[in-house]
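Chemist: The structure is given below, and queries will be raised subsequently.
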There are 2 protein chains.
Amino acid sequence: MRIGELAKQSGVSVRALRYYEEQGLLESERTPGGQREFESSAVDRVRFFQTLYAAGLSSRRIAELLPCIDTGGTTKEQQAMLQSEREALAHRMAELREASARLDEVITASKARSL
Amino acid sequence: MRIGELAKQSGVSVRALRYYEEQGLLESERTPGGQREFESSAVDRVRFFQTLYAAGLSSRRIAELLPCIDTGGTTKEQQAMLQSEREALAHRMAELREASARLDEVITASKARSL
DNA sequence: GTAGGACCTGACGCTAACGTCAGGTGCAAG
DNA sequence: CTTGCACCTGACGTTAGCGTCAGGTCCTAC
């Protein structure tokens with residue numbers, strides 16, 4: 001499939017897709033005319049990237065994790081990277097919970113005041 | 001207290017504090033010589049900002065929420081803003097859980113492969 | 001063979017949250 | 001009164017993840 005179709009199916013912009021390729025996250029064949037040709041599996045891949053981006057990972061970090069993801073990450077370094085990223089996620093979730101709790105305090109306080 | 005002391009106690013840079021003030025998040029008196037003088041309560045306030053920043057809120061958003069936080073947010077608009085921000089946090093947490101789950105898949109898959 | 005939509009490669013623009021000079025002032029100590 | 005560190009106000013630099021032209025090519029259809 002070509003880039004426009006991939007964009008439509010994965011829900012990101014064409015520009016974003018070219019950027020992902022530039023960062024080494026996506027690969028593509030080229031037609032004789034020079035246009036990108038993606039495999040259909042790229043759709044899921046891009047959606048996966050979106051999930052990771054939403055979780056706060058950078059392109060750089062995703063690119064580092066890709067070998068682990070694609071090959072199954074058998075080296076110790078890869079295992080360690082996956083682990084540390086998991087811990088980072090846990091940390092971020094804790095921060096969110098903290099912020100959420102603090103906001104709740106404000107909310108309940110304001111409700112009490114408006115009674 | 002002066003800005004350097006506040007920076008030390010709250011754990012952020014002097015530049016960041018001036019930025020917060022610029023964005024309307026912090027207030028300060030001025031000495032005759034023009035130097036900022038903060039109340040000691042500013043320490044907690046700044047830490048609170050850090051919590052919200054960590055949760056993904058922008059300065060702009062925090063500034064919007066401030067009246068709710070300071071005055072107790074009694075208007076309907078303020079209540080609505082607090083609610084919507086709470087929901088946004090819940091959404092972000094769901095995204096994190098999703099990403100975390102996907103990463104776990106990768107991790108368990110790689111462990112299985114390395115056996 | 002030609003219209004025109006999809007695609008191409010630069011390359012500059014944008015926002016947020018500061019970092020980092022530069023050049024000048026305040027202030028507490030000796 | 002002079003160090004000398006803390007502080008001041010601009011103002012430009014930085015990073016990420018794209019948005020958005022500009023100017024030119026590909027490809028499919030008629």
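For the structure tokens, the naming scheme is as follows: chains receive sequential letters (A, B, ...) according to their order of presentation, residues are indexed from 1 within each chain, and ligands are indexed from 1 in presentation order.
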When you get a sec, could you note down which chain A residues fall within 9 Å of chain C, using only C-alpha atoms (C1' of nucleotides), as a list of chain:residue names?
Modeler: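 Applying the cut-off to the listed atoms yields A:Arg2, A:Ile3, A:Gly4, A:Gly34, A:Gln35, A:Arg36.
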Chemist: With a cut-off of 10 Å and counting only C-alpha atoms, select all residues of chain B in contact with chain A and give the selection as a ChimeraX atom specification.
Modeler: /B:48-57,65,68-75,78-79,82-83,85-90,92-115
Chemist: Between D:DT3, D:DT9, D:DT20, D:DT28, single out the one closest to chain B, counting only C-alpha atoms (C1' of nucleotides).
Modeler: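 Checking each of D:DT3, D:DT9, D:DT20, D:DT28 against chain B, counting only C-alpha atoms (C1' of nucleotides), the winner is D:DT9.
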Chemist: Where does DSSP see alpha helix (DSSP H) in segment 7-107 of chain B, if you list the residues as number ranges by chain?
Modeler: B: 7-10, 14-22, 42-54, 59-71, 76-107
Chemist: Taking only C-alpha atoms (C1' of nucleotides) into account, produce a table as a Markdown table in which each residue of chain D with an atom at most 9 Å from an atom of chain A appears once, together with its shortest atom pair and the distance in Å to one decimal, ordered by chain and rising number.
Modeler:
| residue | atom | partner | partner_atom | distance |
| --- | --- | --- | --- | --- |
| D:DA16 | C1' | A:Ser58 | CA | 8.0 |
| D:DG17 | C1' | A:Ala16 | CA | 7.8 |
| D:DC18 | C1' | A:Ala16 | CA | 6.1 |
| D:DG19 | C1' | A:Arg15 | CA | 8.1 |
| D:DT25 | C1' | A:Gly33 | CA | 8.3 |
| D:DC26 | C1' | A:Gly33 | CA | 6.2 |
Chemist: Among the residues of chain B, find those DSSP assigns to strand (DSSP E) from the backbone and print them as a list in words.
Modeler: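 The strand (DSSP E) subset of chain B is Glu29, Arg30, Arg36 and Glu37 of chain B.
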